[in-house]
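input.cif (mmCIF, C-alpha atoms) appears below.
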```cif
data_entry
#
loop_
_atom_site.label_atom_id
_atom_site.label_comp_id
_atom_site.auth_asym_id
_atom_site.auth_seq_id
_atom_site.Cartn_x
_atom_site.Cartn_y
_atom_site.Cartn_z
CA MET A 1 173.91 50.85 -50.04
CA SER A 2 176.66 50.82 -47.41
CA ASN A 3 180.24 51.85 -48.08
CA GLN A 4 181.34 48.30 -47.34
CA VAL A 5 179.03 46.93 -50.04
CA VAL A 6 180.38 49.47 -52.53
CA ARG A 7 183.96 48.54 -51.67
CA ASN A 8 183.15 44.85 -52.08
CA LEU A 9 181.60 45.46 -55.51
CA ARG A 10 184.56 47.56 -56.64
CA SER A 11 186.89 44.70 -55.76
CA VAL A 12 185.05 42.36 -58.17
CA ASN A 13 185.58 42.40 -61.92
CA MET A 14 181.97 42.79 -63.09
CA ASN A 15 182.97 41.67 -66.59
CA LEU A 16 183.09 38.18 -65.13
CA LEU A 17 179.31 38.15 -64.60
CA PRO A 18 178.23 37.50 -68.24
CA VAL A 19 180.90 34.79 -68.53
CA LEU A 20 179.66 33.18 -65.32
CA GLY A 21 176.09 33.30 -66.59
CA GLU A 22 176.96 31.56 -69.87
CA LEU A 23 179.07 28.88 -68.17
CA LEU A 24 176.25 28.14 -65.72
CA ARG A 25 173.74 27.85 -68.59
CA CYS A 26 176.02 25.63 -70.67
CA PRO A 27 179.10 24.21 -68.89
CA ASN A 28 181.31 24.24 -71.97
CA VAL A 29 184.09 26.81 -72.39
CA SER A 30 184.15 26.77 -76.21
CA HIS A 31 180.36 27.06 -76.50
CA ALA A 32 180.29 29.91 -73.98
CA ALA A 33 183.05 31.69 -75.92
CA ASN A 34 181.07 31.42 -79.16
CA ARG A 35 177.90 32.78 -77.58
CA LEU A 36 179.79 35.67 -75.94
CA HIS A 37 181.85 36.40 -79.08
CA LEU A 38 185.05 35.96 -77.07
CA THR A 39 188.10 33.79 -77.58
CA GLN A 40 188.27 30.46 -75.78
CA SER A 41 191.42 31.56 -73.94
CA THR A 42 189.61 34.66 -72.63
CA VAL A 43 186.75 32.56 -71.24
CA SER A 44 189.23 30.07 -69.76
CA GLY A 45 191.02 32.95 -68.03
CA SER A 46 187.72 34.28 -66.69
CA LEU A 47 186.82 30.84 -65.38
CA LYS A 48 190.13 30.72 -63.52
CA GLN A 49 189.31 34.06 -61.86
CA LEU A 50 185.78 32.90 -61.00
CA ARG A 51 187.14 29.76 -59.35
CA LEU A 52 189.38 31.88 -57.14
CA LEU A 53 186.54 34.29 -56.37
CA PHE A 54 184.07 31.57 -55.31
CA GLU A 55 186.70 29.16 -53.95
CA ASP A 56 185.09 26.40 -55.99
CA ASP A 57 185.86 24.62 -59.28
CA LEU A 58 182.37 25.53 -60.63
CA LEU A 59 182.93 23.23 -63.66
CA VAL A 60 184.49 19.77 -63.34
CA GLN A 61 185.28 17.04 -65.84
CA ARG A 62 182.97 14.03 -65.87
CA GLY A 63 183.79 11.56 -68.60
CA ARG A 64 184.01 13.51 -71.84
CA GLU A 65 182.04 16.55 -70.69
CA MET A 66 182.10 19.30 -68.11
CA VAL A 67 179.39 19.43 -65.43
CA LEU A 68 178.44 21.98 -62.79
CA THR A 69 179.49 21.52 -59.19
CA GLU A 70 176.89 21.72 -56.43
CA LYS A 71 178.07 25.25 -55.65
CA ALA A 72 177.58 26.26 -59.30
CA LYS A 73 174.07 24.81 -59.31
CA GLU A 74 173.24 26.86 -56.22
CA LEU A 75 174.58 30.02 -57.87
CA ARG A 76 172.70 29.64 -61.15
CA PRO A 77 169.23 31.02 -60.20
CA ALA A 78 170.70 34.08 -58.46
CA VAL A 79 173.09 34.80 -61.34
CA GLU A 80 170.27 34.50 -63.89
CA ARG A 81 168.11 36.94 -61.93
CA LEU A 82 171.01 39.38 -61.58
CA LEU A 83 171.77 39.30 -65.31
CA GLU A 84 168.10 39.79 -66.17
CA GLN A 85 167.81 42.74 -63.79
CA ALA A 86 170.96 44.31 -65.24
CA SER A 87 169.58 43.83 -68.74
CA ARG A 88 166.34 45.61 -67.83
CA LEU A 89 168.26 48.40 -66.12
CA PHE A 90 170.56 49.26 -69.02
CA CYS A 91 168.51 48.07 -72.01
CA ALA A 92 164.90 49.20 -71.74
CA GLU A 93 163.10 46.60 -73.85
CA THR A 94 160.04 47.25 -75.97
CA PHE A 95 158.09 44.89 -78.19
CA ASP A 96 155.80 46.01 -81.00
CA PRO A 97 153.93 42.98 -82.45
CA ALA A 98 152.99 44.95 -85.57
CA THR A 99 156.62 45.38 -86.63
CA ALA A 100 158.26 42.40 -84.88
CA ALA A 101 159.83 39.52 -86.80
CA ASN A 102 160.32 37.09 -83.91
CA CYS A 103 160.24 33.33 -84.39
CA PHE A 104 158.89 31.78 -81.20
CA ARG A 105 159.32 28.09 -80.40
CA ILE A 106 156.76 26.20 -78.31
CA ALA A 107 157.14 22.56 -77.30
CA THR A 108 153.76 20.93 -76.80
CA ALA A 109 151.52 17.93 -77.43
CA ASP A 110 149.65 17.33 -80.67
CA TYR A 111 146.20 18.01 -79.26
CA VAL A 112 147.28 21.31 -77.73
CA SER A 113 148.61 22.32 -81.14
CA ALA A 114 145.30 21.33 -82.75
CA LEU A 115 143.13 23.25 -80.29
CA VAL A 116 144.90 26.23 -78.76
CA THR A 117 147.26 27.21 -81.55
CA SER A 118 144.48 26.96 -84.14
CA ARG A 119 143.25 30.27 -82.71
CA LEU A 120 146.66 31.91 -83.10
CA GLY A 121 146.56 32.17 -86.91
CA PRO A 122 144.01 35.02 -87.05
CA VAL A 123 145.77 36.76 -84.14
CA LEU A 124 149.12 36.77 -85.92
CA GLN A 125 147.58 37.82 -89.24
CA ALA A 126 145.76 40.76 -87.68
CA ASN A 127 148.27 41.93 -85.09
CA ALA A 128 151.70 40.45 -85.78
CA PRO A 129 152.11 39.57 -89.48
CA GLY A 130 155.89 39.26 -89.21
CA VAL A 131 155.86 36.91 -86.23
CA SER A 132 156.13 33.14 -86.70
CA ILE A 133 155.64 30.23 -84.29
CA THR A 134 157.39 26.87 -84.53
CA LEU A 135 155.78 23.94 -82.70
CA THR A 136 157.96 21.04 -81.58
CA PRO A 137 157.00 17.81 -79.74
CA THR A 138 157.38 17.79 -75.97
CA PRO A 139 159.35 14.51 -75.70
CA GLY A 140 162.99 15.40 -76.18
CA THR A 141 162.61 18.99 -74.96
CA THR A 142 164.76 19.68 -71.90
CA ALA A 143 165.28 22.23 -69.16
CA LYS A 144 168.49 23.19 -70.96
CA ASP A 145 166.46 24.17 -74.05
CA LEU A 146 164.39 26.58 -71.94
CA ARG A 147 167.43 27.91 -70.13
CA LEU A 148 169.31 28.66 -73.37
CA GLY A 149 166.25 30.05 -75.16
CA VAL A 150 166.19 27.25 -77.74
CA VAL A 151 162.54 26.84 -76.70
CA ASP A 152 160.46 29.73 -75.37
CA LEU A 153 157.64 27.76 -73.75
CA ILE A 154 156.80 24.19 -72.85
CA ILE A 155 153.08 23.39 -72.71
CA CYS A 156 152.31 20.03 -71.13
CA PRO A 157 150.02 18.33 -68.59
CA ASN A 158 150.62 19.69 -65.10
CA ARG A 159 151.90 16.41 -63.68
CA ARG A 160 155.16 15.77 -61.88
CA GLU A 161 156.01 13.06 -64.43
CA ASN A 162 155.67 15.49 -67.34
CA TRP A 163 157.80 18.12 -65.62
CA GLU A 164 160.50 15.58 -64.81
CA ALA A 165 160.42 14.16 -68.35
CA CYS A 166 161.72 17.60 -69.40
CA GLY A 167 164.33 17.55 -66.65
CA ILE A 168 162.49 20.08 -64.48
CA ALA A 169 161.90 19.40 -60.79
CA ALA A 170 158.51 20.43 -59.41
CA HIS A 171 159.98 23.18 -57.21
CA ASP A 172 162.92 24.27 -59.38
CA PRO A 173 163.34 28.05 -58.81
CA GLU A 174 164.81 28.50 -62.29
CA PHE A 175 161.44 28.01 -63.98
CA CYS A 176 158.15 29.90 -63.92
CA HIS A 177 154.81 28.37 -64.76
CA GLU A 178 151.13 29.09 -65.30
CA VAL A 179 148.28 26.60 -65.47
CA PHE A 180 146.02 28.09 -68.13
CA ILE A 181 143.52 25.32 -69.01
CA ARG A 182 141.63 22.96 -66.71
CA ASP A 183 140.90 19.82 -68.69
CA ARG A 184 140.12 16.19 -67.94
CA LEU A 185 139.70 12.83 -69.63
CA VAL A 186 136.39 11.54 -71.00
CA ALA A 187 135.52 8.45 -73.01
CA ILE A 188 134.29 8.42 -76.60
CA GLN A 189 132.62 5.82 -78.80
CA SER A 190 130.78 5.89 -82.10
CA ALA A 191 127.28 7.38 -81.83
CA ASN A 192 126.24 5.33 -84.88
CA ARG A 193 126.43 2.02 -83.03
CA SER A 194 123.71 0.45 -80.93
CA LEU A 195 126.24 0.07 -78.11
CA ALA A 196 126.06 3.82 -77.59
CA GLU A 197 122.42 3.49 -76.50
CA ARG A 198 123.16 1.91 -73.13
CA PRO A 199 125.42 2.75 -70.17
CA LEU A 200 128.72 0.90 -69.86
CA ALA A 201 129.43 -0.89 -66.60
CA LEU A 202 133.09 -1.22 -65.59
CA ALA A 203 133.35 -4.84 -66.73
CA ASP A 204 131.81 -4.00 -70.13
CA TYR A 205 134.03 -0.95 -70.49
CA LEU A 206 137.20 -2.97 -69.87
CA ALA A 207 136.04 -5.76 -72.20
CA ARG A 208 135.41 -3.43 -75.13
CA PRO A 209 138.36 -2.99 -77.55
CA HIS A 210 140.20 0.26 -76.84
CA ALA A 211 142.26 2.69 -78.86
CA MET A 212 144.79 4.25 -76.48
CA TYR A 213 147.18 7.18 -76.59
CA CYS A 214 150.77 6.28 -75.73
CA ARG A 215 153.79 8.51 -75.14
CA THR A 216 156.70 8.25 -77.56
CA ASP A 217 159.25 8.37 -74.72
CA GLY A 218 157.89 5.19 -73.15
CA GLN A 219 156.65 6.91 -69.97
CA PRO A 220 153.18 5.87 -68.74
CA THR A 221 150.22 8.10 -69.54
CA ILE A 222 147.58 9.14 -67.02
CA GLU A 223 145.32 6.40 -68.40
CA GLN A 224 147.96 3.68 -68.17
CA GLU A 225 149.15 4.78 -64.75
CA THR A 226 145.64 4.95 -63.26
CA LEU A 227 144.62 1.54 -64.60
CA ALA A 228 147.82 -0.02 -63.27
CA GLN A 229 147.33 1.55 -59.82
CA MET A 230 143.78 0.18 -59.68
CA GLY A 231 144.83 -3.25 -60.94
CA LEU A 232 142.57 -2.96 -64.00
CA VAL A 233 143.30 -4.38 -67.44
CA GLN A 234 141.46 -3.29 -70.57
CA ARG A 235 141.52 -4.78 -74.04
CA ILE A 236 143.81 -2.64 -76.21
CA GLN A 237 143.46 -2.92 -79.98
CA PHE A 238 145.26 0.28 -81.06
CA LEU A 239 148.15 2.21 -79.49
CA VAL A 240 148.74 5.58 -81.17
CA PRO A 241 151.15 8.46 -80.37
CA TYR A 242 148.58 11.22 -81.01
CA PHE A 243 145.34 12.07 -79.21
CA THR A 244 144.03 13.60 -82.43
CA LEU A 245 143.93 10.19 -84.15
CA LEU A 246 141.61 8.62 -81.59
CA PRO A 247 138.29 10.25 -82.63
CA GLN A 248 138.84 9.16 -86.22
CA LEU A 249 139.58 5.58 -85.14
CA VAL A 250 136.45 5.43 -83.01
CA VAL A 251 133.96 6.67 -85.63
CA ASP A 252 131.92 3.81 -87.17
CA SER A 253 133.88 1.23 -85.17
CA HIS A 254 133.42 -0.80 -82.01
CA LEU A 255 136.31 0.99 -80.28
CA VAL A 256 136.32 3.03 -77.08
CA ALA A 257 138.95 5.70 -76.42
CA LEU A 258 139.89 8.17 -73.72
CA ILE A 259 140.68 11.77 -74.77
CA PRO A 260 140.73 15.25 -73.19
CA LEU A 261 137.31 16.86 -72.87
CA SER A 262 138.45 19.85 -74.92
CA LEU A 263 139.30 17.55 -77.82
CA ALA A 264 136.05 15.60 -77.41
CA ASN A 265 134.00 18.81 -77.61
CA HIS A 266 135.88 19.82 -80.75
CA TYR A 267 135.52 16.51 -82.60
CA ALA A 268 131.92 15.92 -81.47
CA ARG A 269 130.98 18.83 -83.73
CA LEU A 270 132.68 17.11 -86.67
CA PHE A 271 131.92 13.41 -86.17
CA PRO A 272 129.03 11.36 -84.71
CA LEU A 273 130.65 10.70 -81.33
CA ASP A 274 129.07 9.59 -78.07
CA VAL A 275 131.02 11.28 -75.27
CA PHE A 276 130.58 9.90 -71.77
CA GLU A 277 132.06 9.61 -68.32
CA PRO A 278 134.33 6.55 -68.09
CA PRO A 279 133.54 4.20 -65.20
CA VAL A 280 137.11 4.74 -63.94
CA PRO A 281 138.01 7.90 -61.95
CA PHE A 282 140.94 9.47 -63.80
CA PRO A 283 142.88 12.49 -62.47
CA SER A 284 142.44 15.92 -64.03
CA LEU A 285 144.49 16.86 -67.09
CA ASP A 286 145.48 20.48 -66.53
CA LEU A 287 147.74 22.24 -69.04
CA VAL A 288 150.67 24.35 -67.86
CA MET A 289 152.98 26.83 -69.60
CA ILE A 290 156.57 26.55 -68.34
CA GLY A 291 159.36 29.02 -69.07
CA ALA A 292 162.75 30.10 -67.76
CA CYS A 293 162.43 32.67 -64.97
CA HIS A 294 165.42 34.68 -66.17
CA ARG A 295 163.57 35.30 -69.48
CA ALA A 296 160.05 35.63 -68.06
CA ASP A 297 160.04 39.46 -67.92
CA ARG A 298 160.97 39.88 -71.57
CA ALA A 299 158.34 41.92 -73.38
CA ASP A 300 158.13 39.55 -76.35
CA LEU A 301 157.66 36.46 -74.17
CA TYR A 302 155.09 38.27 -72.03
CA TRP A 303 153.16 38.93 -75.25
CA LEU A 304 153.54 35.29 -76.36
CA ARG A 305 152.10 33.98 -73.09
CA LYS A 306 149.23 36.46 -73.33
CA ILE A 307 148.17 35.39 -76.83
CA VAL A 308 148.39 31.70 -75.84
CA ARG A 309 146.26 32.44 -72.77
CA ASP A 310 143.78 34.51 -74.79
CA SER A 311 143.58 31.84 -77.50
CA ALA A 312 142.77 29.24 -74.85
CA SER A 313 139.99 31.45 -73.49
CA SER A 314 138.66 31.99 -77.02
CA PHE A 315 138.60 28.26 -77.66
CA LEU A 316 136.84 27.52 -74.38
CA ASP A 317 134.21 30.20 -75.01
CA ILE A 318 133.39 28.57 -78.36
CA GLY A 319 134.03 24.93 -77.58
CA ASN A 320 132.86 24.50 -74.00
CA GLU A 321 129.31 23.55 -74.88
CA GLY A 322 129.82 20.00 -73.71
CA GLY A 323 131.17 20.25 -70.22
CA CYS A 324 133.23 21.88 -67.57
CA LEU A 325 136.42 23.40 -68.91
CA GLU A 326 138.08 26.44 -67.44
CA THR A 327 141.08 28.67 -67.73
CA ALA A 328 143.19 28.78 -64.61
CA SER A 329 145.76 30.80 -62.73
CA ALA A 330 149.17 29.54 -61.65
CA CYS A 331 149.36 26.42 -59.52
CA ALA A 332 151.55 23.44 -58.76
CA PRO A 333 151.60 20.02 -60.45
CA THR A 334 148.39 18.21 -59.59
CA ASP A 335 150.04 15.73 -57.20
CA VAL A 336 151.51 18.52 -55.04
CA ASP A 337 149.51 19.53 -51.96
CA VAL A 338 147.71 22.80 -52.73
CA THR A 339 144.71 24.81 -51.63
CA THR A 340 141.91 25.38 -54.10
CA ALA A 341 139.44 28.10 -55.01
CA GLY A 342 137.70 29.21 -58.18
CA THR A 343 134.74 28.71 -60.48
CA PRO A 344 134.29 27.20 -63.94
CA LEU A 345 133.75 29.40 -66.98
CA LEU A 346 130.54 27.69 -68.04
CA PRO A 347 128.20 25.21 -66.35
CA PRO A 348 128.50 21.61 -67.52
CA ARG A 349 125.79 20.08 -69.65
CA ALA A 350 125.15 16.88 -71.59
CA LEU A 351 127.77 15.97 -74.18
CA ALA A 352 125.39 14.60 -76.81
CA ARG A 353 126.05 15.86 -80.31
CA PRO A 354 122.83 17.43 -81.67
CA GLY A 355 121.10 15.09 -84.04
CA HIS A 356 122.80 11.93 -82.76
CA GLY A 357 120.41 10.87 -80.05
CA GLU A 358 120.31 11.45 -76.33
CA ASN A 359 123.54 11.01 -74.45
CA ARG A 360 122.88 8.97 -71.33
CA TYR A 361 126.10 10.12 -69.72
CA ARG A 362 126.71 13.59 -68.36
CA VAL A 363 129.88 15.31 -67.37
CA SER A 364 130.22 15.63 -63.62
CA GLU A 365 129.48 19.09 -62.24
CA GLU A 366 132.53 18.81 -60.00
CA SER A 367 135.43 20.80 -61.42
CA VAL A 368 139.06 21.21 -60.49
CA SER A 369 139.73 24.76 -59.41
CA PRO A 370 142.74 27.09 -59.50
CA SER A 371 145.21 26.69 -56.68
CA SER A 372 148.38 28.20 -55.33
CA SER A 373 151.76 26.88 -54.20
CA ALA A 374 155.38 27.76 -53.55
CA LEU A 375 156.19 27.38 -57.24
CA ILE A 376 157.18 30.54 -59.10
CA SER A 377 154.45 31.97 -61.30
CA PHE A 378 154.96 34.04 -64.45
CA PRO A 379 154.85 37.83 -63.90
CA GLN A 380 151.40 39.16 -64.81
#
```

Rewritten as structure tokens:
Amino acid sequence: MSNQVVRNLRSVNMNLLPVLGELLRCPNVSHAANRLHLTQSTVSGSLKQLRLLFEDDLLVQRGREMVLTEKAKELRPAVERLLEQASRLFCAETFDPATAANCFRIATADYVSALVTSRLGPVLQANAPGVSITLTPTPGTTAKDLRLGVVDLIICPNRRENWEACGIAAHDPEFCHEVFIRDRLVAIQSANRSLAERPLALADYLARPHAMYCRTDGQPTIEQETLAQMGLVQRIQFLVPYFTLLPQLVVDSHLVALIPLSLANHYARLFPLDVFEPPVPFPSLDLVMIGACHRADRADLYWLRKIVRDSASSFLDIGNEGGCLETASACAPTDVDVTTAGTPLLPPRALARPGHGENRYRVSEESVSPSSSALISFPQ
């Protein structure tokens, strides 16, 4: 480090750094004061010094709230990294699951909760009895929640629309990510009906009554978006906000539904379901973990990501009998240009449930493979 750098650092009040970090996370002086256990006047005085230091207002009034200036937005990732590095330097962090009492919060979809987190119960009981996990729905979760630590992880489909629904741009340097499950959509119908004995042409598929998953925030799903892009209209009899309701609606009915392959494999062991390739080419449905980069190196969050990843692998090892599912390494949203490489965990095979007749449809042997991009991946 040069003498000039040292002199420059000595001229700066380093006590301003935590205040700057809080104001950039939440542009509200009173809230920042509460979180820092300082008086509001102290934080206001620090903000005045920061404005002089950076020759920028940093926070400006817009309506009834304060918002960050463009300069402040540019500073935020670097300040977060600097605070995290300082924290690691002066506060060596350890995490012992056996004695920890953390309460982690994960925002995710219902079917992810049903499949992946179902494997977490035994893990917590055996290795982390004092740890608890709270699951919240993805709609309504924001980038601010991740930034402030209100939510530790978001698990959602790796699509630009899902990222942006949480207020996260596809290449936002503030957030790390990891695609950990390769999934896709398949069709299901009752295996008890004679209609399951013959292939469905596109016209017949669209004419059949459908039960369809819909998002609670009004944004289009992969199914709705793909059908609209292709100019196709199907007969919809049920719209439901949960994937996990669809298999139960289909059983012993005339309905057809589209669900993730992982969910189809799971429910085909419980109900007489005929699982088949839909006559419409739908995009892959990969699942991604998203977290704040400035918190990514924390020992407890590293452990959380590991048990989620391991639980996904455990589920796929047990439940992948019906087709091509795979765990995956970090990659970009599926509509971002990427390069691909990788192999599936298990070879695909017919999706017929034993004892319910031959399934005439087979899952395609083509799989989506791990890929890389400029997006920031979680530290491994």

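The smallest atom-to-atom distance between Ala114 in chain A and any of A:Val251, A:Leu135, A:Asn158, A:Gly21, using only C-alpha atoms, is found for A:Leu135.
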
### Task
Would you list the contacts of Ala143 in chain A as a ChimeraX atom specification, taking every protein, DNA or RNA residue within 6 Å and counting all atoms listed in the file, but skipping same-chain residues closer than 3 positions in sequence?
/A:146,166-168

### Query
If the PyMOL selection byres ((chain A and resi 44) around 12) is run on the structure shown, which residues does it catch, given as a ChimeraX atom specification?
/A:16,19-20,23,27-33,38-43,45-51,59

### Message
Using all atoms listed in the file for the distances, tell me which of A:Ala165, A:Leu304, A:Ala187, A:Val151 is nearest to Leu261 in chain A.
### Response
A:Ala187

### Query
Glu174 in chain A: which residues within 8 Å, counting only C-alpha atoms, same-chain residues fewer than 3 positions away excluded, as a count of residues only?
4

### Query
Of the candidates A:Leu185, A:Arg305, A:Arg295, A:Leu200, which one gets nearest to Ser87 in chain A if we count all atoms listed in the file?
A:Arg295

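For Asp145 in chain A, the set of protein, DNA and RNA residues having any atom at most 12 Å away, when counting only C-alpha atoms and skipping those fewer than 5 positions along the same chain, is Arg25, Cys26, Arg105, Ile106, Ala107, Thr136, Thr138, Gly140, Val150, Val151, Asp152, Leu153, Ile154, Cys166, Gly167, Ile168, Phe175, Ile290, Gly291 and Ala292 of chain A.
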
### Residue nearest Ile222 in chain A - candidates A:Asn13, A:Thr94, A:Asn162, A:Asn34, atoms counted: all atoms listed in the file
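Of A:Asn13, A:Thr94, A:Asn162, A:Asn34, the one nearest Ile222 in chain A is A:Asn162, counting all atoms listed in the file.
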
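Using all atoms listed in the file, the shortest contact distance between Cys176 in chain A and any of A:Ala312, A:Ala101, A:Met14, A:Met289 is found at A:Met289.
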
### Query
Do you know which residues the PyMOL selection byres ((chain A and resi 204) around 12) returns on this file, as number ranges by chain?
A: 195, 198-203, 205-210, 233-235, 256, 278-280

For the residues selected in the previous step, produce a file with C-alpha atoms as an mmCIF file, in the frame of the given file.
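In the end it all went to again-v2.cif:
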```cif
data_model
loop_
_atom_site.group_PDB
_atom_site.id
_atom_site.type_symbol
_atom_site.label_atom_id
_atom_site.label_comp_id
_atom_site.auth_asym_id
_atom_site.auth_seq_id
_atom_site.Cartn_x
_atom_site.Cartn_y
_atom_site.Cartn_z
ATOM 1 C CA LEU A 195 126.240 0.070 -78.110
ATOM 2 C CA ARG A 198 123.160 1.910 -73.130
ATOM 3 C CA PRO A 199 125.420 2.750 -70.170
ATOM 4 C CA LEU A 200 128.720 0.900 -69.860
ATOM 5 C CA ALA A 201 129.430 -0.890 -66.600
ATOM 6 C CA LEU A 202 133.090 -1.220 -65.590
ATOM 7 C CA ALA A 203 133.350 -4.840 -66.730
ATOM 8 C CA TYR A 205 134.030 -0.950 -70.490
ATOM 9 C CA LEU A 206 137.200 -2.970 -69.870
ATOM 10 C CA ALA A 207 136.040 -5.760 -72.200
ATOM 11 C CA ARG A 208 135.410 -3.430 -75.130
ATOM 12 C CA PRO A 209 138.360 -2.990 -77.550
ATOM 13 C CA HIS A 210 140.200 0.260 -76.840
ATOM 14 C CA VAL A 233 143.300 -4.380 -67.440
ATOM 15 C CA GLN A 234 141.460 -3.290 -70.570
ATOM 16 C CA ARG A 235 141.520 -4.780 -74.040
ATOM 17 C CA VAL A 256 136.320 3.030 -77.080
ATOM 18 C CA PRO A 278 134.330 6.550 -68.090
ATOM 19 C CA PRO A 279 133.540 4.200 -65.200
ATOM 20 C CA VAL A 280 137.110 4.740 -63.940
#
```

### Query
Mind telling me what the PyMOL selection byres ((chain A and resi 274) around 6) catches here, as a list of chain:residue names?
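Matching residues under the PyMOL selection byres ((chain A and resi 274) around 6) are A:Ile188, A:Gln189, A:Ser190, A:Ala191, A:Leu273, A:Val275.
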
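For the atom pair formed by CA of Leu255 in chain A and CA of Glu225 in chain A, the distance is 20.5 Å, given to one decimal.
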